[in-house]
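model-v1.txt (compact mmCIF, C-alpha atoms) appears below.
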# COMPACT_ATOMS: atom_id res chain seq x y z
CA MET A 1 -73.79 121.06 47.62
CA TYR A 2 -73.19 117.87 45.64
CA MET A 3 -69.49 117.33 44.96
CA LYS A 4 -67.84 114.27 43.53
CA LYS A 5 -64.05 114.50 43.51
CA GLN A 6 -62.23 113.51 40.36
CA ASP A 7 -59.28 111.11 40.58
CA PRO A 8 -56.32 113.54 41.00
CA ASN A 9 -54.06 111.29 38.89
CA GLU A 10 -56.48 111.47 35.99
CA LEU A 11 -56.61 115.23 36.28
CA GLU A 12 -52.83 115.44 36.30
CA HIS A 13 -52.72 113.20 33.26
CA LEU A 14 -55.28 115.39 31.49
CA ILE A 15 -53.08 118.41 32.13
CA THR A 16 -49.79 116.84 31.10
CA ALA A 17 -51.23 115.20 27.98
CA SER A 18 -52.94 118.39 26.86
CA TYR A 19 -51.64 120.76 24.17
CA LEU A 20 -51.07 123.49 26.74
CA LYS A 21 -47.63 125.04 26.96
CA ASP A 22 -45.19 123.57 29.48
CA ALA A 23 -45.30 126.71 31.65
CA GLN A 24 -49.11 126.58 31.70
CA LYS A 25 -49.03 122.91 32.65
CA ARG A 26 -46.63 123.61 35.52
CA GLU A 27 -48.87 126.42 36.74
CA LEU A 28 -51.94 124.16 36.70
CA LEU A 29 -50.24 121.26 38.43
CA LEU A 30 -49.03 123.59 41.12
CA LEU A 31 -52.48 125.10 41.50
CA LEU A 32 -54.06 121.66 41.68
CA ARG A 33 -51.69 120.65 44.46
CA ARG A 34 -52.19 123.93 46.32
CA GLU A 35 -55.92 124.52 45.84
CA GLY A 36 -57.23 121.03 45.10
CA GLN A 37 -60.24 120.52 42.82
CA THR A 38 -61.80 123.88 43.46
CA GLU A 39 -63.58 126.37 41.28
CA ILE A 40 -60.41 128.48 41.25
CA PHE A 41 -58.42 125.58 39.78
CA PHE A 42 -61.01 124.66 37.14
CA GLN A 43 -61.57 128.30 36.31
CA ARG A 44 -57.85 128.73 35.63
CA PHE A 45 -57.68 125.47 33.66
CA ASN A 46 -60.53 126.68 31.52
CA GLU A 47 -58.99 130.13 31.06
CA LEU A 48 -55.68 128.64 29.95
CA LEU A 49 -57.43 126.33 27.49
CA MET A 50 -59.35 129.25 26.02
CA GLU A 51 -56.13 131.27 25.80
CA GLU A 52 -54.36 128.39 24.11
CA ILE A 53 -57.16 127.82 21.61
CA SER A 54 -57.17 131.44 20.54
CA SER A 55 -53.37 131.59 20.53
CA ARG A 56 -53.20 128.51 18.27
CA GLU A 57 -55.79 130.02 15.93
CA GLN A 58 -53.66 133.12 15.69
CA GLN A 59 -50.53 131.05 15.26
CA PHE A 60 -52.16 129.15 12.39
CA THR A 61 -53.05 132.35 10.53
CA GLN A 62 -49.54 133.69 11.14
CA SER A 63 -47.96 130.44 9.96
CA ILE A 64 -49.85 130.48 6.69
CA ALA A 65 -48.90 134.15 6.21
CA ARG A 66 -45.27 133.37 7.05
CA PHE A 67 -45.27 130.45 4.60
CA GLU A 68 -46.71 132.64 1.84
CA GLU A 69 -44.25 135.42 2.56
CA GLU A 70 -41.22 133.14 2.65
CA GLU A 71 -42.35 131.28 -0.45
CA THR A 72 -42.67 134.60 -2.28
CA GLY A 73 -39.17 135.52 -1.11
CA ILE A 74 -37.74 132.23 -2.39
CA SER A 75 -39.51 132.67 -5.74
CA ARG A 76 -38.16 136.20 -6.05
CA GLU A 77 -34.62 135.02 -5.35
CA ILE A 78 -34.96 132.18 -7.86
CA GLN A 79 -36.27 134.69 -10.40
CA ARG A 80 -33.25 136.93 -9.78
CA LYS A 81 -30.84 134.03 -10.27
CA ARG A 82 -32.73 133.08 -13.41
CA SER A 83 -32.30 136.59 -14.81
CA ASP A 84 -28.56 136.34 -14.14
CA LEU A 85 -28.47 133.07 -16.07
CA GLU A 86 -30.35 134.71 -18.92
CA GLU A 87 -27.80 137.54 -19.08
CA GLN A 88 -24.94 135.07 -18.89
CA VAL A 89 -26.24 132.92 -21.74
CA ALA A 90 -26.81 136.02 -23.90
CA ARG A 91 -23.22 137.14 -23.23
CA GLU A 92 -21.81 133.72 -24.08
CA LEU A 93 -23.84 133.41 -27.28
CA ALA A 94 -22.64 136.83 -28.43
CA THR A 95 -19.07 135.53 -28.55
CA ILE A 96 -19.70 132.55 -30.81
CA ASP A 97 -20.80 131.90 -34.39
CA PRO A 98 -24.62 131.47 -34.41
CA ALA A 99 -24.19 128.43 -36.66
CA ASP A 100 -21.75 126.71 -34.31
CA PHE A 101 -24.25 124.29 -32.86
CA THR A 102 -21.61 122.23 -31.10
CA LYS A 103 -20.69 125.15 -28.83
CA LYS A 104 -24.28 126.32 -28.60
CA GLU A 105 -25.38 122.86 -27.47
CA THR A 106 -22.97 123.04 -24.53
CA ILE A 107 -24.11 126.55 -23.59
CA TRP A 108 -27.81 125.76 -23.80
CA ASP A 109 -27.49 122.41 -22.04
CA GLU A 110 -25.74 124.16 -19.17
CA TYR A 111 -28.38 126.88 -19.12
CA TYR A 112 -31.32 124.48 -18.96
CA ALA A 113 -29.50 122.32 -16.39
CA SER A 114 -28.96 125.43 -14.23
CA ILE A 115 -32.65 126.28 -14.47
CA GLU A 116 -33.52 122.76 -13.33
CA GLN A 117 -31.06 123.23 -10.50
CA LEU A 118 -32.85 126.42 -9.46
CA GLU A 119 -36.16 124.57 -9.50
CA LYS A 120 -34.72 121.90 -7.21
CA GLU A 121 -33.34 124.64 -4.98
CA TYR A 122 -36.84 126.12 -4.71
CA GLU A 123 -38.32 122.74 -3.74
CA THR A 124 -35.66 122.15 -1.08
CA GLN A 125 -36.14 125.62 0.41
CA VAL A 126 -39.95 125.34 0.47
CA LYS A 127 -39.70 121.96 2.19
CA SER A 128 -37.31 123.47 4.69
CA ILE A 129 -39.62 126.37 5.62
CA VAL A 130 -42.59 124.05 5.97
CA SER A 131 -40.54 121.85 8.25
CA SER A 132 -39.33 124.79 10.32
CA ILE A 133 -42.84 126.28 10.71
CA THR A 134 -44.28 122.88 11.59
CA LYS A 135 -41.59 122.27 14.20
CA SER A 136 -42.17 125.63 15.87
CA ALA A 137 -45.94 125.05 15.81
CA MET A 138 -45.62 121.66 17.49
CA GLN A 139 -43.53 123.12 20.31
CA ARG A 140 -45.49 123.36 23.55
CA MET B 1 -41.38 86.76 -53.27
CA GLU B 2 -39.86 90.15 -54.10
CA GLY B 3 -43.15 91.83 -53.21
CA VAL B 4 -43.28 90.11 -49.81
CA LYS B 5 -39.68 91.13 -49.07
CA LYS B 6 -40.45 94.71 -50.04
CA PHE B 7 -43.59 94.76 -47.93
CA GLY B 8 -41.63 93.32 -44.98
CA LYS B 9 -38.98 96.04 -45.26
CA GLU B 10 -41.64 98.75 -45.48
CA LEU B 11 -43.38 97.37 -42.44
CA PHE B 12 -40.10 97.13 -40.53
CA ASP B 13 -39.13 100.71 -41.45
CA THR B 14 -42.56 102.06 -40.52
CA THR B 15 -42.56 100.36 -37.14
CA ARG B 16 -39.12 101.79 -36.32
CA GLY B 17 -40.34 105.33 -37.00
CA ARG B 18 -39.22 105.59 -40.59
CA GLY B 19 -42.61 105.96 -42.19
CA GLU B 20 -41.54 109.08 -44.06
CA ASP B 21 -38.62 107.17 -45.60
CA VAL B 22 -41.06 104.56 -46.87
CA LYS B 23 -43.39 107.22 -48.27
CA PHE B 24 -40.47 108.88 -50.05
CA ARG B 25 -39.38 105.52 -51.50
CA LYS B 26 -42.88 104.91 -52.85
CA GLU B 27 -43.10 108.43 -54.20
CA VAL B 28 -39.83 107.97 -56.04
CA GLU B 29 -41.13 104.72 -57.56
CA GLN B 30 -44.33 106.40 -58.61
CA TYR B 31 -42.43 109.33 -60.08
CA CYS B 32 -40.30 107.00 -62.18
CA LYS B 33 -43.45 105.24 -63.38
CA ASP B 34 -45.17 108.52 -64.24
CA HIS B 35 -42.15 110.02 -65.97
CA SER B 36 -40.67 107.56 -68.39
CA GLY B 37 -36.95 107.79 -68.79
CA ILE B 38 -36.40 109.25 -65.33
CA LYS B 39 -34.09 107.14 -63.23
CA GLU B 40 -34.49 106.49 -59.52
CA LYS B 41 -31.55 108.73 -58.46
CA GLU B 42 -32.85 111.59 -60.56
CA ALA B 43 -36.33 111.20 -59.11
CA GLN B 44 -34.79 111.23 -55.63
CA LYS B 45 -33.04 114.52 -56.41
CA ILE B 46 -36.22 116.13 -57.76
CA LEU B 47 -38.32 114.98 -54.83
CA LEU B 48 -35.74 115.86 -52.15
CA ASP B 49 -35.52 119.30 -53.74
CA LYS B 50 -39.31 119.57 -53.50
CA ARG B 51 -39.20 118.69 -49.81
CA LEU B 52 -36.52 121.29 -49.18
CA GLU B 53 -38.62 123.81 -51.11
CA ASP B 54 -41.59 123.01 -48.84
CA LEU B 55 -39.36 123.41 -45.78
CA SER B 56 -38.02 126.74 -46.96
CA GLU B 57 -41.54 127.87 -47.87
CA GLU B 58 -42.93 126.98 -44.45
CA ILE B 59 -40.17 128.95 -42.74
CA ARG B 60 -40.57 131.90 -45.11
CA LEU B 61 -44.32 132.08 -44.59
CA SER B 62 -44.60 131.34 -40.89
CA ARG B 63 -41.06 132.23 -39.71
CA THR B 64 -41.26 129.12 -37.61
CA LEU B 65 -40.50 125.43 -37.66
CA LYS B 66 -42.33 123.36 -35.12
CA THR B 67 -40.57 120.40 -33.58
CA ASP B 68 -43.29 118.10 -34.89
CA SER B 69 -43.30 119.83 -38.29
CA LYS B 70 -44.55 117.48 -40.99
CA VAL B 71 -42.51 119.21 -43.70
CA TYR B 72 -39.34 118.71 -41.68
CA ARG B 73 -40.13 115.06 -41.06
CA ARG B 74 -40.79 114.60 -44.78
CA PHE B 75 -37.46 116.25 -45.61
CA PHE B 76 -35.55 114.24 -43.03
CA GLY B 77 -37.13 110.94 -44.16
CA ALA B 78 -36.18 111.72 -47.76
CA LEU B 79 -32.62 112.65 -46.81
CA ARG B 80 -32.20 109.44 -44.80
CA GLU B 81 -33.56 107.41 -47.69
CA VAL B 82 -31.18 109.10 -50.15
CA CYS B 83 -28.09 108.93 -47.91
CA GLY B 84 -28.53 105.88 -45.74
CA ASP B 85 -27.48 105.81 -42.10
CA VAL B 86 -23.72 105.75 -42.71
CA LEU B 87 -23.63 108.83 -44.91
CA LEU B 88 -26.08 110.60 -42.61
CA ALA B 89 -23.70 110.00 -39.71
CA LYS B 90 -20.87 111.39 -41.86
CA ILE B 91 -23.00 114.47 -42.63
CA ARG B 92 -23.51 115.09 -38.91
CA GLU B 93 -19.81 114.58 -38.27
CA GLU B 94 -18.87 117.09 -40.98
CA ALA B 95 -21.27 119.62 -39.47
CA ASN B 96 -19.76 119.10 -36.02
CA LYS B 97 -16.24 119.78 -37.15
CA ALA B 98 -17.17 122.49 -39.64
CA GLY B 99 -15.00 125.55 -39.52
CA GLY B 100 -12.50 127.41 -41.61
CA SER B 101 -13.75 127.32 -45.15
CA TRP B 102 -17.42 126.75 -44.32
CA VAL B 103 -19.29 130.02 -44.13
CA ALA B 104 -22.76 130.29 -42.63
CA PRO B 105 -25.30 132.31 -44.60
CA PRO B 106 -25.85 135.74 -43.03
CA LEU B 107 -28.70 135.84 -40.56
CA SER B 108 -31.52 138.36 -40.75
CA ARG B 109 -31.72 140.91 -37.97
CA VAL B 110 -34.15 140.00 -35.19
CA PHE B 111 -36.44 142.82 -34.08
CA PRO B 112 -38.51 142.96 -30.86
CA GLY B 113 -41.61 142.35 -32.98
CA HIS B 114 -40.19 139.02 -34.13
CA ILE B 115 -39.55 137.99 -30.52
CA GLN B 116 -43.08 139.01 -29.57
CA ALA B 117 -44.50 136.99 -32.46
CA LYS B 118 -42.42 133.98 -31.44
CA LYS B 119 -43.61 134.39 -27.87
CA ASN B 120 -47.25 134.48 -28.97
CA GLU B 121 -46.81 131.42 -31.14
CA LEU B 122 -45.11 129.41 -28.39
CA LYS B 123 -47.65 130.61 -25.84
CA THR B 124 -50.52 129.34 -27.99
CA ASP B 125 -48.84 125.93 -28.32
CA LEU B 126 -47.92 125.64 -24.65
CA VAL B 127 -51.33 126.78 -23.40
CA LYS B 128 -52.92 124.13 -25.60
CA LYS B 129 -50.55 121.45 -24.29
CA TYR B 130 -50.50 122.43 -20.59
CA LYS B 131 -54.13 123.25 -19.88
CA THR B 132 -53.74 123.17 -16.09
CA VAL B 133 -50.95 125.76 -16.02
CA PRO B 134 -52.27 129.34 -15.87
CA GLN B 135 -51.61 131.30 -19.06
CA GLU B 136 -49.87 134.11 -17.18
CA LYS B 137 -47.32 131.63 -15.80
CA ILE B 138 -46.55 130.45 -19.35
CA GLU B 139 -46.32 134.10 -20.41
CA ASP B 140 -43.88 134.76 -17.53
CA ILE B 141 -41.62 131.88 -18.58
CA LEU B 142 -41.51 133.08 -22.17
CA THR B 143 -40.95 136.70 -21.11
CA ALA B 144 -38.03 135.55 -18.97
CA SER B 145 -36.48 133.69 -21.95
CA PRO B 146 -35.79 136.33 -24.65
CA THR B 147 -32.40 134.82 -25.51
CA ALA B 148 -33.88 131.41 -26.15
CA LEU B 149 -36.62 132.96 -28.29
CA LYS B 150 -34.08 134.96 -30.30
CA ASP B 151 -31.95 131.86 -30.75
CA MET B 152 -34.97 129.95 -32.01
CA ILE B 153 -35.69 132.71 -34.55
CA ASP B 154 -32.03 132.77 -35.69
CA THR B 155 -31.91 129.00 -35.91
CA THR B 156 -35.14 128.75 -37.89
CA GLY B 157 -33.90 131.48 -40.23
CA LEU B 158 -30.63 129.59 -40.69
CA ILE B 159 -32.50 126.41 -41.68
CA GLY B 160 -34.41 128.35 -44.34
CA LYS B 161 -31.25 129.95 -45.71
CA LEU B 162 -29.31 126.69 -45.74
CA ALA B 163 -32.18 125.00 -47.55
CA ASP B 164 -32.19 127.78 -50.14
CA ARG B 165 -28.41 127.60 -50.54
CA PHE B 166 -28.61 123.85 -51.04
CA ARG B 167 -31.32 124.22 -53.66
CA GLY B 168 -29.31 126.86 -55.51
CA ASP B 169 -26.10 124.85 -55.45
CA ALA B 170 -24.83 124.22 -58.99
CA THR B 171 -23.18 120.91 -58.06
CA ILE B 172 -26.51 119.64 -56.77
CA SER B 173 -28.32 120.73 -59.93
CA ALA B 174 -25.75 118.92 -62.05
CA SER B 175 -25.75 115.82 -59.86
CA THR B 176 -27.06 112.50 -61.11
CA ASP B 177 -26.43 110.75 -57.81
CA LEU B 178 -26.99 112.87 -54.71
CA ALA B 179 -25.28 110.54 -52.24
CA ARG B 180 -22.13 110.50 -54.36
CA THR B 181 -22.22 114.30 -54.77
CA PHE B 182 -22.58 114.75 -51.03
CA ARG B 183 -19.57 112.53 -50.39
CA ARG B 184 -17.48 114.63 -52.74
CA SER B 185 -18.64 117.95 -51.34
CA PRO B 186 -17.92 118.46 -47.66
CA GLN B 187 -19.44 121.94 -47.82
CA THR B 188 -22.78 120.52 -48.93
CA MET B 189 -22.57 117.91 -46.20
CA VAL B 190 -21.99 120.67 -43.66
CA ASP B 191 -25.00 122.62 -44.95
CA LEU B 192 -27.20 119.55 -44.60
CA GLY B 193 -25.70 118.64 -41.25
CA LYS B 194 -26.29 122.15 -39.98
CA ILE B 195 -29.97 121.86 -40.93
CA LEU B 196 -30.18 118.69 -38.84
CA GLN B 197 -28.29 120.29 -35.92
CA ALA B 198 -30.45 123.40 -36.12
CA GLN B 199 -33.65 121.39 -35.91
CA GLU B 200 -32.26 119.49 -32.91
CA SER B 201 -31.40 122.82 -31.32
CA LEU B 202 -35.01 123.97 -31.77
CA SER B 203 -36.21 120.76 -30.15
CA ARG B 204 -33.85 121.35 -27.23
CA HIS B 205 -35.37 124.79 -26.65
CA ILE B 206 -38.89 123.42 -26.79
CA ARG B 207 -37.99 120.66 -24.32
CA GLY B 208 -36.35 123.22 -22.02
CA LEU B 209 -39.34 125.56 -22.12
CA GLU B 210 -41.81 122.70 -21.68
CA LYS B 211 -39.91 121.47 -18.64
CA GLN B 212 -40.22 124.93 -17.11
CA VAL B 213 -43.95 125.05 -17.83
CA HIS B 214 -44.34 121.57 -16.40
CA TRP B 215 -42.43 122.68 -13.33
CA GLU B 216 -44.93 125.50 -12.78
CA ARG B 217 -47.40 122.72 -11.96
CA THR B 218 -44.92 121.28 -9.48
CA ARG B 219 -44.54 124.73 -7.94
CA ALA B 220 -48.30 125.18 -7.59
CA ASP B 221 -48.45 121.71 -6.02
CA MET B 222 -45.65 122.64 -3.61
CA GLN B 223 -47.55 125.74 -2.51
CA LYS B 224 -50.69 123.68 -1.90
CA TRP B 225 -48.66 120.97 -0.18
CA GLY B 226 -47.00 123.48 2.18
CA LYS B 227 -50.35 124.89 3.27
CA ALA B 228 -51.84 121.40 3.60
CA VAL B 229 -49.00 120.30 5.90
CA LEU B 230 -49.48 123.39 8.07
CA MET B 231 -53.23 122.86 8.18
CA GLY B 232 -52.69 119.22 9.12
CA THR B 233 -50.33 120.18 11.93
CA PHE B 234 -52.78 122.67 13.39
CA LYS B 235 -55.61 120.21 12.96
CA ILE B 236 -53.74 117.75 15.22
CA ILE B 237 -53.22 120.47 17.81
CA SER B 238 -56.79 121.71 17.67
CA VAL B 239 -58.23 118.18 17.89
CA SER B 240 -56.11 117.58 20.96
CA LEU B 241 -57.27 120.84 22.54
CA ARG B 242 -60.89 119.96 21.77
CA GLU B 243 -60.53 116.64 23.51
CA THR B 244 -59.08 118.36 26.60
CA THR B 245 -61.95 120.87 26.71
CA ARG B 246 -64.48 118.08 26.36
CA ALA B 247 -62.83 116.10 29.15
CA LEU B 248 -62.70 119.20 31.32
CA LEU B 249 -66.41 119.81 30.73
CA GLY B 250 -67.13 116.24 31.81
CA ILE B 251 -65.06 116.60 34.97
CA VAL B 252 -66.51 119.99 35.92
CA ASN B 253 -69.95 118.55 35.31
CA GLY B 254 -69.13 115.62 37.55
CA VAL B 255 -67.63 117.73 40.30
CA PHE B 256 -70.03 120.67 40.28
CA GLY B 257 -73.07 119.34 38.42
CA LEU B 258 -76.40 120.41 40.01
CA GLY B 259 -74.25 122.29 42.51
CA SER B 260 -73.62 125.83 43.58
CA ARG B 261 -74.25 129.00 41.63
CA GLY B 262 -70.50 129.32 41.17
CA GLY B 263 -70.37 125.80 39.75
CA LYS B 264 -73.09 126.63 37.21
CA LYS B 265 -71.21 129.74 36.14
CA LEU B 266 -68.04 127.67 35.71
CA LEU B 267 -69.94 125.11 33.64
CA ARG B 268 -71.18 127.86 31.36
CA GLU B 269 -67.60 129.13 30.93
CA VAL B 270 -66.24 125.66 30.12
CA ASP B 271 -69.13 125.12 27.74
CA LYS B 272 -68.09 128.31 25.95
CA THR B 273 -64.55 126.99 25.62
CA VAL B 274 -65.80 123.67 24.21
CA LEU B 275 -67.90 125.53 21.66
CA ARG B 276 -64.99 127.73 20.75
CA ALA B 277 -62.70 124.72 20.38
CA PHE B 278 -65.13 122.86 18.15
CA TRP B 279 -66.72 125.61 16.11
CA GLY B 280 -64.29 128.54 16.11
CA PRO B 281 -64.27 132.09 17.51
CA ASP B 282 -67.82 133.01 16.46
CA ALA B 283 -69.55 129.88 17.72
CA TRP B 284 -70.51 131.29 21.10
CA LYS B 285 -71.92 134.47 19.55
CA GLU B 286 -73.95 132.36 17.09
CA LYS B 287 -75.30 130.21 19.88
CA LYS B 288 -76.20 133.31 21.88
CA LYS B 289 -77.97 134.80 18.85
CA ASP B 290 -80.00 131.59 18.40
CA LYS B 291 -80.92 131.59 22.08
CA ASP B 292 -82.01 135.25 21.91
CA LYS B 293 -84.17 134.41 18.90
CA ASP B 294 -85.81 131.50 20.77
CA HIS B 295 -86.65 133.76 23.70

Please lay out the structure from this file as structure tokens.
Amino acid sequence: MYMKKQDPNELEHLITASYLKDAQKRELLLLLRREGQTEIFFQRFNELLMEEISSREQQFTQSIARFEEEETGISREIQRKRSDLEEQVARELATIDPADFTKKETIWDEYYASIEQLEKEYETQVKSIVSSITKSAMQR
Amino acid sequence: MEGVKKFGKELFDTTRGRGEDVKFRKEVEQYCKDHSGIKEKEAQKILLDKRLEDLSEEIRLSRTLKTDSKVYRRFFGALREVCGDVLLAKIREEANKAGGSWVAPPLSRVFPGHIQAKKNELKTDLVKKYKTVPQEKIEDILTASPTALKDMIDTTGLIGKLADRFRGDATISASTDLARTFRRSPQTMVDLGKILQAQESLSRHIRGLEKQVHWERTRADMQKWGKAVLMGTFKIISVSLRETTRALLGIVNGVFGLGSRGGKKLLREVDKTVLRAFWGPDAWKEKKKDKDKDH
């Protein structure tokens, strides 16, 4: 049988530089040292790669679903806070003369500023979930 | 020389956004020419009254006053021309500190139908202006803002009533010099000032609602951005995994190529992984199908 051994250092580098999980890398390095460049080693390497590919595909689908779910949650919360603001402004307006534009200006300016604040809150929270999902995805 | 000076002033006023003032000035001149014996101040009173009548009529017929309303701009230009900037500032000041003896005209009751009509009207305008924002999002914003809509209806109604009160004011009818009459009648100044404040209040609502509609675009962009970042992240990972599978295939080929039966089997397995990494879960099945067809 024709067999040409691969440089073991290159193989080790291939394993450590790969996107396999740390535990998988340790297992492969150990197997390489124990078994050498045998079919058993390559078979396992291949199996782990296949596992990782399908796990990452699954993780991607789950991440998108998680993003959508969390984004919906944030929107719902913002909507709830917005309804509270709406009730508050209605209550405040009921206590003043409808022609008192000086007081109304203050009330409405505050209301619209609070809405803008909620919009900023949404942006910050969405950025934060994207960052958190990305970080957990990049973990090996 | 006089003509050049006049032309220069008109040009200056027009370029600083006072075109309506210039038009009113010319209209007054024309009116005096057409009606002999009528003095400039009297013509001003008649024409300002006409502009207020138009304003009141627009509100009565459409129950609305758009922020870019031409009738309002015509009224405001005429008022500024009659009063001048100093008196106009005084009018605003009087309106700000109004209280005690000044009584606002009673407002009409607002029914749900009025709010619905206001919503429809604003929706039409906003949909036209923000074509990229889905209509249902605009509808949601307006549905979530009933207080603002009611306030807009009240405010518009107040403008109409104040305009009517001004037009029915006996001191105004008897006046031969509007600016002087205004100075002597703080109540009239408050009425006028309230009209100006009310229109500014309507503009504030429109700006507030438009900002929310505009933000809907930002929100849609944020949703797309979030998914794009996640896709990018997984793309990096999958590209890296592809490269590893390709390298592994090369090594296995080198080590076991043309070799044992076991080596060939391993090569087939690694080949499957490479296909899967490059073309997704169904790639191997597709390849198998193609092979079956060929045989």

For region 38-55 of chain A, list every protein, DNA or RNA residue within 9 Å, evaluated using only C-alpha atoms, and leave out those in the same chain fewer than 2 positions away; present the list as an MDAnalysis selection string.
(chainID A and resid 15 19:21 24 28 31:32 35:36 57:60) or (chainID B and resid 238 241:242 244:245 248 252 256 262:263 266 269:270 272:274 276:277 280:281)

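When the distance limit is 10 Å and only C-alpha atoms are what count, the residues near Ser108 (chain B), minus those fewer than 5 positions from it on the same chain, are Ile153, Asp154, Gly157, Leu158 and Lys161 of chain B.
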
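Among the candidates A:Ile78, A:Ala23, A:Leu29, A:Val89, the residue lying nearest to chain B is A:Val89 (atoms considered: only C-alpha atoms).
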
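Distance annotation: of B:Trp279, B:Asp85, B:Phe182, B:Glu20, the residue with the minimal separation from Val71 (chain B) is B:Glu20; atom set is all atoms listed in the file.
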
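Among A:Thr16, A:Gln139, A:Gln62, A:Gln125, the residue with the shortest atom-to-atom distance to Ile74 (chain A), counting all atoms listed in the file, is A:Gln125.
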
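All polymer residues at most 10 Å from (-36.8, 124.0, -6.5), using only C-alpha atoms, appear as Ile74, Ser75, Ile78, Ile115, Glu116, Gln117, Leu118, Glu119, Lys120, Glu121, Tyr122, Glu123, Thr124, Gln125, Val126 and Lys127 of chain A; Trp215, Thr218, Arg219 and Met222 of chain B.
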
Identify, on the basis of all atoms listed in the file, every residue whose closest approach to Thr134 (chain A) does not exceed 8 Å; exclude the query and any residue fewer than 2 positions from it along the same chain; express the result as a PDB file with C-alpha atoms, in the coordinates of the input.
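Once everything was written out, this is out.pdb:
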ATOM      1  CA  VAL A 130     -42.590 124.050   5.970  1.00  0.00           C
ATOM      2  CA  SER A 131     -40.540 121.850   8.250  1.00  0.00           C
ATOM      3  CA  SER A 132     -39.330 124.790  10.320  1.00  0.00           C
ATOM      4  CA  SER A 136     -42.170 125.630  15.870  1.00  0.00           C
ATOM      5  CA  ALA A 137     -45.940 125.050  15.810  1.00  0.00           C
ATOM      6  CA  MET A 138     -45.620 121.660  17.490  1.00  0.00           C
TER       7      MET A 138
ATOM      8  CA  VAL B 229     -49.000 120.300   5.900  1.00  0.00           C
ATOM      9  CA  LEU B 230     -49.480 123.390   8.070  1.00  0.00           C
ATOM     10  CA  THR B 233     -50.330 120.180  11.930  1.00  0.00           C
TER      11      THR B 233
END

What lies within 7 Å of region 24-31 of chain B using all atoms listed in the file, ignoring chain neighbours under 5 positions off, as a list in words?
Glu40, Ala43, Gln44 and Ala78 of chain B

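Using all atoms listed in the file, the shortest contact distance between Ser63 (chain A) and any of B:Asn253, B:Asp282, B:Arg183, B:Lys227 is found at B:Lys227.
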
Please, can region 24-35 of chain B be completed to N, CA and C atoms and returned as a PDB file, in the coordinates of the input?
ATOM      1  N   PHE B  24     -41.355 108.279 -49.045  1.00  0.00           N
ATOM      2  CA  PHE B  24     -40.470 108.880 -50.050  1.00  0.00           C
ATOM      3  C   PHE B  24     -40.092 107.819 -51.102  1.00  0.00           C
ATOM      4  N   ARG B  25     -39.767 106.625 -50.607  1.00  0.00           N
ATOM      5  CA  ARG B  25     -39.380 105.520 -51.500  1.00  0.00           C
ATOM      6  C   ARG B  25     -40.499 105.258 -52.503  1.00  0.00           C
ATOM      7  N   LYS B  26     -41.719 105.198 -51.994  1.00  0.00           N
ATOM      8  CA  LYS B  26     -42.880 104.910 -52.850  1.00  0.00           C
ATOM      9  C   LYS B  26     -43.107 106.045 -53.841  1.00  0.00           C
ATOM     10  N   GLU B  27     -42.902 107.259 -53.353  1.00  0.00           N
ATOM     11  CA  GLU B  27     -43.100 108.430 -54.200  1.00  0.00           C
ATOM     12  C   GLU B  27     -42.098 108.423 -55.360  1.00  0.00           C
ATOM     13  N   VAL B  28     -40.872 108.037 -55.013  1.00  0.00           N
ATOM     14  CA  VAL B  28     -39.830 107.970 -56.040  1.00  0.00           C
ATOM     15  C   VAL B  28     -40.227 106.935 -57.100  1.00  0.00           C
ATOM     16  N   GLU B  29     -40.703 105.794 -56.631  1.00  0.00           N
ATOM     17  CA  GLU B  29     -41.130 104.720 -57.560  1.00  0.00           C
ATOM     18  C   GLU B  29     -42.230 105.230 -58.490  1.00  0.00           C
ATOM     19  N   GLN B  30     -43.189 105.888 -57.860  1.00  0.00           N
ATOM     20  CA  GLN B  30     -44.330 106.400 -58.610  1.00  0.00           C
ATOM     21  C   GLN B  30     -43.866 107.434 -59.644  1.00  0.00           C
ATOM     22  N   TYR B  31     -42.935 108.273 -59.204  1.00  0.00           N
ATOM     23  CA  TYR B  31     -42.430 109.330 -60.080  1.00  0.00           C
ATOM     24  C   TYR B  31     -41.761 108.727 -61.307  1.00  0.00           C
ATOM     25  N   CYS B  32     -40.983 107.674 -61.060  1.00  0.00           N
ATOM     26  CA  CYS B  32     -40.300 107.000 -62.180  1.00  0.00           C
ATOM     27  C   CYS B  32     -41.327 106.388 -63.133  1.00  0.00           C
ATOM     28  N   LYS B  33     -42.408 105.844 -62.525  1.00  0.00           N
ATOM     29  CA  LYS B  33     -43.450 105.240 -63.380  1.00  0.00           C
ATOM     30  C   LYS B  33     -44.146 106.312 -64.211  1.00  0.00           C
ATOM     31  N   ASP B  34     -44.424 107.449 -63.558  1.00  0.00           N
ATOM     32  CA  ASP B  34     -45.170 108.520 -64.240  1.00  0.00           C
ATOM     33  C   ASP B  34     -44.330 109.255 -65.273  1.00  0.00           C
ATOM     34  N   HIS B  35     -43.014 109.283 -65.043  1.00  0.00           N
ATOM     35  CA  HIS B  35     -42.150 110.020 -65.970  1.00  0.00           C
ATOM     36  C   HIS B  35     -41.169 109.046 -66.601  1.00  0.00           C
TER      37      HIS B  35
END
